[in-house]
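Dumped final.txt below, it's compact mmCIF, C-alpha atoms and all ligand atoms:
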```txt
# COMPACT_ATOMS: atom_id res chain seq x y z
CA MET A 15 11.33 13.25 4.12
CA ILE A 16 12.34 10.55 1.61
CA SER A 17 14.00 11.37 -1.71
CA ALA A 18 13.11 9.87 -5.10
CA GLU A 19 16.51 8.12 -5.11
CA GLN A 20 15.95 6.55 -1.69
CA ILE A 21 12.51 5.36 -2.77
CA ALA A 22 13.83 3.87 -6.02
CA THR A 23 16.57 1.95 -4.19
CA ARG A 24 14.18 0.56 -1.59
CA VAL A 25 11.46 -0.35 -4.12
CA LYS A 26 13.98 -2.37 -6.13
CA GLU A 27 15.08 -4.19 -2.96
CA LEU A 28 11.45 -5.04 -2.16
CA GLY A 29 10.88 -6.24 -5.74
CA ASP A 30 13.92 -8.54 -5.46
CA LEU A 31 12.67 -9.96 -2.14
CA ILE A 32 9.17 -10.56 -3.52
CA SER A 33 10.57 -12.19 -6.67
CA ARG A 34 12.66 -14.53 -4.50
CA ASP A 35 9.78 -15.42 -2.16
CA TYR A 36 7.32 -16.20 -4.97
CA LYS A 37 9.85 -17.80 -7.31
CA ASP A 38 7.98 -21.10 -7.52
CA GLY A 39 4.64 -19.62 -8.52
CA SER A 40 2.78 -16.54 -9.57
CA VAL A 41 1.27 -13.66 -7.60
CA VAL A 42 -1.73 -11.38 -7.95
CA LEU A 43 -0.70 -7.82 -7.15
CA VAL A 44 -3.63 -5.92 -5.67
CA CYS A 45 -3.06 -2.20 -5.93
CA VAL A 46 -5.11 -0.37 -3.30
CA LEU A 47 -6.36 2.83 -4.94
CA LYS A 48 -5.68 5.56 -5.09
CA GLY A 49 -2.61 6.11 -2.94
CA SER A 50 -0.56 3.10 -3.99
CA PHE A 51 -0.78 3.49 -7.77
CA ILE A 52 2.75 4.85 -8.18
CA PHE A 53 4.33 2.44 -5.69
CA ALA A 54 2.53 -0.50 -7.33
CA ALA A 55 3.64 0.59 -10.81
CA ASP A 56 7.29 0.86 -9.78
CA LEU A 57 7.27 -2.28 -7.63
CA ALA A 58 5.63 -4.37 -10.37
CA ARG A 59 8.50 -3.54 -12.70
CA HIS A 60 10.98 -5.12 -10.27
CA ILE A 61 9.01 -8.34 -9.86
CA THR A 62 10.30 -11.09 -12.11
CA VAL A 63 7.77 -13.88 -11.39
CA PRO A 64 4.50 -14.09 -13.39
CA THR A 65 1.98 -11.55 -12.08
CA ARG A 66 -1.54 -10.41 -12.63
CA ILE A 67 -2.46 -6.91 -11.54
CA ASP A 68 -5.81 -5.95 -10.11
CA PHE A 69 -7.18 -2.89 -8.37
CA LEU A 70 -9.19 -2.34 -5.24
CA GLY A 71 -10.74 1.07 -4.75
CA THR A 72 -11.22 2.11 -1.13
CA ARG A 73 -12.47 5.11 0.71
CA SER A 74 -12.10 5.59 4.42
CA TYR A 75 -15.01 7.53 5.83
CA GLY A 76 -13.84 10.61 7.66
CA GLU A 77 -12.62 14.08 6.89
CA GLY A 78 -9.16 15.57 6.60
CA THR A 79 -6.16 13.57 7.72
CA GLU A 80 -7.83 11.14 10.13
CA THR A 81 -9.13 7.73 9.16
CA SER A 82 -12.38 6.53 10.69
CA GLY A 83 -11.53 2.88 10.21
CA VAL A 84 -14.72 2.27 8.27
CA VAL A 85 -13.59 1.26 4.81
CA GLN A 86 -15.88 1.53 1.84
CA ILE A 87 -15.02 -0.48 -1.28
CA THR A 88 -15.49 1.85 -4.25
CA GLN A 89 -14.12 -0.58 -6.85
CA ASP A 90 -13.84 -4.33 -6.44
CA LEU A 91 -11.36 -6.78 -7.98
CA SER A 92 -12.10 -7.71 -11.58
CA LYS A 93 -11.59 -11.48 -11.09
CA PRO A 94 -11.81 -14.13 -8.36
CA ILE A 95 -8.66 -14.90 -6.34
CA VAL A 96 -9.47 -18.51 -5.38
CA ASN A 97 -6.24 -20.48 -4.83
CA GLU A 98 -4.10 -17.49 -5.81
CA ALA A 99 -1.21 -15.95 -3.90
CA VAL A 100 -2.29 -12.36 -3.30
CA LEU A 101 -0.03 -9.44 -2.45
CA LEU A 102 -1.88 -6.33 -1.24
CA ILE A 103 0.05 -3.21 -2.17
CA GLU A 104 -0.58 -0.24 0.14
CA ASP A 105 0.86 3.24 0.29
CA ILE A 106 0.90 3.59 4.07
CA VAL A 107 -0.18 1.68 7.15
CA ASP A 108 -1.18 4.23 9.75
CA THR A 109 -3.70 2.98 12.32
CA GLY A 110 -3.70 -0.34 10.43
CA LEU A 111 -7.51 -0.39 10.28
CA THR A 112 -7.72 -0.18 6.48
CA ILE A 113 -5.28 -2.95 5.71
CA ALA A 114 -6.67 -5.19 8.48
CA HIS A 115 -10.13 -4.80 6.94
CA LEU A 116 -8.84 -5.56 3.43
CA ILE A 117 -6.93 -8.66 4.58
CA ASP A 118 -10.09 -9.98 6.27
CA LEU A 119 -12.16 -9.22 3.16
CA LEU A 120 -9.82 -10.98 0.73
CA ARG A 121 -9.38 -13.99 3.02
CA THR A 122 -13.10 -14.73 2.68
CA ARG A 123 -12.55 -15.32 -1.04
CA GLY A 124 -10.41 -18.46 -0.80
CA PRO A 125 -6.94 -17.23 -1.81
CA ARG A 126 -3.93 -19.48 -1.19
CA SER A 127 -2.22 -16.66 0.74
CA VAL A 128 -2.57 -12.95 1.44
CA LYS A 129 0.52 -10.87 2.14
CA VAL A 130 1.07 -7.13 2.44
CA ALA A 131 3.58 -4.75 0.87
CA SER A 132 3.47 -1.18 2.12
CA LEU A 133 5.73 1.68 1.19
CA LEU A 134 5.35 3.38 4.57
CA HIS A 135 4.42 2.48 8.14
CA LYS A 136 3.67 4.83 11.05
CA PRO A 137 3.89 2.49 14.06
CA ALA A 138 3.22 5.33 16.52
CA ARG A 139 -0.44 5.38 15.51
CA ALA A 140 -1.17 1.66 15.28
CA ARG A 141 -4.62 0.71 16.58
CA VAL A 142 -4.50 -2.87 15.36
CA GLN A 143 -1.45 -5.08 14.89
CA VAL A 144 -0.88 -5.81 11.21
CA GLN A 145 1.99 -7.77 9.75
CA VAL A 146 3.58 -5.88 6.87
CA ASP A 147 5.54 -8.54 4.99
CA TYR A 148 7.38 -6.12 2.71
CA LEU A 149 7.92 -2.67 4.19
CA GLY A 150 9.61 0.27 2.48
CA PHE A 151 10.18 2.72 5.33
CA THR A 152 9.11 3.22 8.93
CA ILE A 153 8.31 6.91 9.48
CA GLU A 154 7.47 9.15 12.41
CA ASP A 155 3.97 10.43 13.06
CA LYS A 156 3.74 13.16 10.39
CA PHE A 157 1.19 13.56 7.61
CA VAL A 158 3.04 12.86 4.39
CA VAL A 159 2.31 13.40 0.70
CA GLY A 160 3.82 12.53 -2.67
CA TYR A 161 4.63 9.35 -4.61
CA GLY A 162 0.90 8.63 -4.78
CA LEU A 163 -0.17 10.04 -1.41
CA ASP A 164 -2.41 13.10 -1.37
CA PHE A 165 -3.65 15.91 0.76
CA GLY A 166 -7.12 16.83 -0.53
CA GLU A 167 -6.26 15.02 -3.81
CA ARG A 168 -3.19 17.19 -4.39
CA TYR A 169 0.54 16.32 -4.39
CA ARG A 170 0.13 12.70 -5.55
CA ASN A 171 2.52 13.42 -8.42
CA LEU A 172 5.46 14.57 -6.31
CA PRO A 173 8.38 12.20 -7.01
CA TYR A 174 9.41 12.17 -3.32
CA ILE A 175 7.69 11.81 0.07
CA GLY A 176 7.24 15.20 1.74
CA VAL A 177 5.72 16.41 4.99
CA VAL A 178 2.73 18.74 5.08
CA GLU A 179 3.36 21.58 7.47
CA ARG A 180 0.23 22.80 9.18
CA ASP A 181 -0.09 25.94 11.27
P1 LIG B 1 -5.09 3.48 8.30
O1 LIG B 1 -6.39 2.78 8.10
O2 LIG B 1 -3.90 2.54 8.37
O3 LIG B 1 -5.12 4.43 9.45
O4 LIG B 1 -4.90 4.45 7.09
C1 LIG B 1 -4.59 4.04 5.85
C2 LIG B 1 -4.91 5.09 4.83
O5 LIG B 1 -4.99 6.42 5.41
C3 LIG B 1 -3.81 5.14 3.82
O6 LIG B 1 -4.01 4.19 2.79
C4 LIG B 1 -3.87 6.57 3.36
O7 LIG B 1 -4.82 6.69 2.33
C5 LIG B 1 -4.34 7.35 4.57
N1 LIG B 1 -3.19 7.93 5.30
C6 LIG B 1 -2.72 7.58 6.51
N2 LIG B 1 -1.65 8.32 6.86
C7 LIG B 1 -1.43 9.17 5.82
C8 LIG B 1 -0.47 10.19 5.57
O8 LIG B 1 0.45 10.50 6.34
N3 LIG B 1 -0.60 10.84 4.37
C9 LIG B 1 -1.56 10.56 3.46
N4 LIG B 1 -1.58 11.26 2.34
N5 LIG B 1 -2.50 9.60 3.68
C10 LIG B 1 -2.43 8.92 4.84
```
Starting from the file, give its structure as structure tokens.
Ligand code: 5GP
Amino acid sequence: MISAEQIATRVKELGDLISRDYKDGSVVLVCVLKGSFIFAADLARHITVPTRIDFLGTRSYGEGTETSGVVQITQDLSKPIVNEAVLLIEDIVDTGLTIAHLIDLLRTRGPRSVKVASLLHKPARARVQVQVDYLGFTIEDKFVVGYGLDFGERYRNLPYIGVVERD
């Protein structure tokens, strides 16, 4: 669906935008595990302002390719984010339930701001309205893998975004 070259070009553009928007300060990049680890690693290398990187492990209850909207935190941030500018880095916003939950959670911890960067967005399936401040690509309603995204823990290492064909 999206080639490695297209991804690289877009990720650099997002990094430039983020660097411009945060130019007067620093930002805490919160990589939402596991799916955004590759996006976060590439994006971080295009951000020129001072950053700190932290990780949030999440699991959405539910089987297969459907989210239940109930998000379990499997690994919390390693440090407080009081008065910090926080940028949540997600792989994909689908129903929006996961990112909405994470925004609410982090806002209870007194950050200066919480913004969202997501590589992909599937607006067709939105169940809650979420503002994605830095968006890579809007895609149609297909289950995708690669560049960090999995299907049953496989395919995360594909360098491109591909579509899983199901019979
Ligand atoms: P949401 O809560 O927005 O429905 O779902 C967010 C999470 O569901 C993503 O972080 C991702 O882990 C998973 N997800 C949603 N759509 C896809 C998809 O097309 N492919 C993969 N691999 N995961 C998806």
Using only C-alpha atoms and all ligand atoms, find each residue of chain A with at least one atom at most 6 Å away from an atom of ligand LIG 1 (chain B); report its shortest atom-to-atom pair and that distance in Å (one decimal), sort the rows by chain and rising residue number, and return the result as JSON lines.
```
{"residue": "A:Gly49", "atom": "CA", "partner": "B:LIG1", "partner_atom": "O7", "distance": 5.7}
{"residue": "A:Thr81", "atom": "CA", "partner": "B:LIG1", "partner_atom": "O3", "distance": 5.2}
{"residue": "A:Gly83", "atom": "CA", "partner": "B:LIG1", "partner_atom": "O1", "distance": 5.6}
{"residue": "A:Asp105", "atom": "CA", "partner": "B:LIG1", "partner_atom": "O6", "distance": 5.6}
{"residue": "A:Ile106", "atom": "CA", "partner": "B:LIG1", "partner_atom": "C3", "distance": 5.0}
{"residue": "A:Val107", "atom": "CA", "partner": "B:LIG1", "partner_atom": "O2", "distance": 4.0}
{"residue": "A:Asp108", "atom": "CA", "partner": "B:LIG1", "partner_atom": "O2", "distance": 3.5}
{"residue": "A:Thr109", "atom": "CA", "partner": "B:LIG1", "partner_atom": "O3", "distance": 3.5}
{"residue": "A:Gly110", "atom": "CA", "partner": "B:LIG1", "partner_atom": "O2", "distance": 3.5}
{"residue": "A:Leu111", "atom": "CA", "partner": "B:LIG1", "partner_atom": "O1", "distance": 4.0}
{"residue": "A:Thr112", "atom": "CA", "partner": "B:LIG1", "partner_atom": "O1", "distance": 3.6}
{"residue": "A:Lys156", "atom": "CA", "partner": "B:LIG1", "partner_atom": "O8", "distance": 5.9}
{"residue": "A:Phe157", "atom": "CA", "partner": "B:LIG1", "partner_atom": "O8", "distance": 3.4}
{"residue": "A:Val158", "atom": "CA", "partner": "B:LIG1", "partner_atom": "O8", "distance": 4.0}
{"residue": "A:Val159", "atom": "CA", "partner": "B:LIG1", "partner_atom": "N4", "distance": 4.7}
{"residue": "A:Leu163", "atom": "CA", "partner": "B:LIG1", "partner_atom": "N4", "distance": 4.2}
{"residue": "A:Asp164", "atom": "CA", "partner": "B:LIG1", "partner_atom": "N4", "distance": 4.2}
{"residue": "A:Phe165", "atom": "CA", "partner": "B:LIG1", "partner_atom": "N4", "distance": 5.3}
```
Hey, which of A:Val44, A:Val85, A:Arg59, A:Ile52 ends up closest to A:Val128? Count all atoms listed in the file.
A:Val44
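The shortest atom-to-atom distance to A:Lys37, with all atoms listed in the file taken into account, belongs to A:Thr62 out of A:Asn171, A:Thr23, A:Thr62, A:Ser50.
Distance check against A:Ala18 using only C-alpha atoms: of A:Glu154, A:Glu179, A:Asp68, A:Asp56, the minimum falls on A:Asp56.
Of the listed residues A:Val130, A:Ile16, A:Ala114, A:Ala99, the one whose atoms come nearest to A:Val146 is A:Val130, with distances taken using all atoms listed in the file.
Between atom CA of A:His135 and atom CA of A:Val46 lies a distance of 15.2 Å.
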Using only C-alpha atoms for the distances, tell me which of A:Leu101, A:Val144, A:Leu134, A:Ile87 is nearest to A:Ala58.
A:Leu101
From the structure just shown, export stretch 97-109 of chain A with all heavy atoms as a short mmCIF file (atom, residue, chain, number, x, y, z; two decimals), in the first residue's frame.
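This is the output file selection00.cif:
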```cif
data_model
loop_
_atom_site.label_atom_id
_atom_site.label_comp_id
_atom_site.auth_asym_id
_atom_site.auth_seq_id
_atom_site.Cartn_x
_atom_site.Cartn_y
_atom_site.Cartn_z
N ASN A 97 4.78 19.48 33.45
CA ASN A 97 5.27 20.67 32.74
C ASN A 97 6.02 20.37 31.44
O ASN A 97 6.69 21.24 30.91
CB ASN A 97 6.17 21.53 33.64
CG ASN A 97 5.34 22.29 34.66
OD1 ASN A 97 4.20 22.64 34.38
ND2 ASN A 97 5.89 22.48 35.84
N GLU A 98 5.95 19.18 30.95
CA GLU A 98 6.66 18.83 29.71
C GLU A 98 5.70 18.88 28.53
O GLU A 98 4.50 18.63 28.67
CB GLU A 98 7.21 17.40 29.81
CG GLU A 98 8.04 17.15 31.04
CD GLU A 98 9.49 16.93 30.72
OE1 GLU A 98 10.02 17.56 29.79
OE2 GLU A 98 10.09 16.09 31.40
N ALA A 99 6.25 19.17 27.36
CA ALA A 99 5.50 19.04 26.11
C ALA A 99 5.64 17.58 25.68
O ALA A 99 6.76 17.08 25.53
CB ALA A 99 6.07 19.97 25.05
N VAL A 100 4.51 16.91 25.52
CA VAL A 100 4.53 15.48 25.23
C VAL A 100 3.98 15.24 23.82
O VAL A 100 2.95 15.80 23.44
CB VAL A 100 3.65 14.71 26.25
CG1 VAL A 100 3.52 13.24 25.86
CG2 VAL A 100 4.24 14.84 27.66
N LEU A 101 4.68 14.42 23.07
CA LEU A 101 4.19 14.02 21.75
C LEU A 101 4.02 12.50 21.75
O LEU A 101 4.99 11.75 21.82
CB LEU A 101 5.18 14.44 20.66
CG LEU A 101 4.76 14.11 19.23
CD1 LEU A 101 3.47 14.83 18.85
CD2 LEU A 101 5.87 14.47 18.24
N LEU A 102 2.75 12.08 21.69
CA LEU A 102 2.44 10.64 21.62
C LEU A 102 2.69 10.17 20.19
O LEU A 102 2.16 10.76 19.24
CB LEU A 102 0.97 10.43 21.94
CG LEU A 102 0.58 10.17 23.39
CD1 LEU A 102 -0.94 10.29 23.52
CD2 LEU A 102 1.03 8.79 23.84
N ILE A 103 3.45 9.11 20.05
CA ILE A 103 3.73 8.60 18.70
C ILE A 103 3.03 7.26 18.52
O ILE A 103 3.36 6.27 19.19
CB ILE A 103 5.25 8.46 18.48
CG1 ILE A 103 5.92 9.82 18.71
CG2 ILE A 103 5.54 7.93 17.07
CD1 ILE A 103 7.41 9.83 18.47
N GLU A 104 2.07 7.23 17.62
CA GLU A 104 1.25 6.04 17.37
C GLU A 104 1.50 5.49 15.97
O GLU A 104 1.88 6.24 15.07
CB GLU A 104 -0.24 6.42 17.48
CG GLU A 104 -0.90 5.95 18.77
CD GLU A 104 -1.08 4.44 18.88
OE1 GLU A 104 -0.39 3.66 18.18
OE2 GLU A 104 -1.92 4.03 19.69
N ASP A 105 1.24 4.21 15.81
CA ASP A 105 1.35 3.62 14.48
C ASP A 105 0.11 3.92 13.64
O ASP A 105 0.20 4.35 12.50
CB ASP A 105 1.59 2.10 14.58
CG ASP A 105 0.59 1.39 15.49
OD1 ASP A 105 -0.27 2.06 16.12
OD2 ASP A 105 0.67 0.15 15.59
N ILE A 106 -1.07 3.72 14.26
CA ILE A 106 -2.30 3.89 13.48
C ILE A 106 -3.45 4.28 14.41
O ILE A 106 -3.56 3.77 15.52
CB ILE A 106 -2.63 2.60 12.69
CG1 ILE A 106 -3.87 2.78 11.82
CG2 ILE A 106 -2.79 1.39 13.59
CD1 ILE A 106 -4.03 1.69 10.75
N VAL A 107 -4.26 5.21 13.95
CA VAL A 107 -5.49 5.56 14.65
C VAL A 107 -6.62 4.95 13.83
O VAL A 107 -6.83 5.32 12.67
CB VAL A 107 -5.66 7.09 14.78
CG1 VAL A 107 -7.00 7.42 15.40
CG2 VAL A 107 -4.52 7.66 15.63
N ASP A 108 -7.30 4.01 14.45
CA ASP A 108 -8.34 3.24 13.76
C ASP A 108 -9.70 3.71 14.30
O ASP A 108 -10.27 4.68 13.81
CB ASP A 108 -8.06 1.76 14.02
CG ASP A 108 -8.98 0.82 13.29
OD1 ASP A 108 -9.62 1.24 12.33
OD2 ASP A 108 -9.05 -0.36 13.69
N THR A 109 -10.20 3.09 15.35
CA THR A 109 -11.43 3.61 15.97
C THR A 109 -11.14 4.89 16.75
O THR A 109 -12.05 5.66 17.05
CB THR A 109 -12.03 2.59 16.95
OG1 THR A 109 -11.09 2.37 18.00
CG2 THR A 109 -12.37 1.28 16.27
#
```
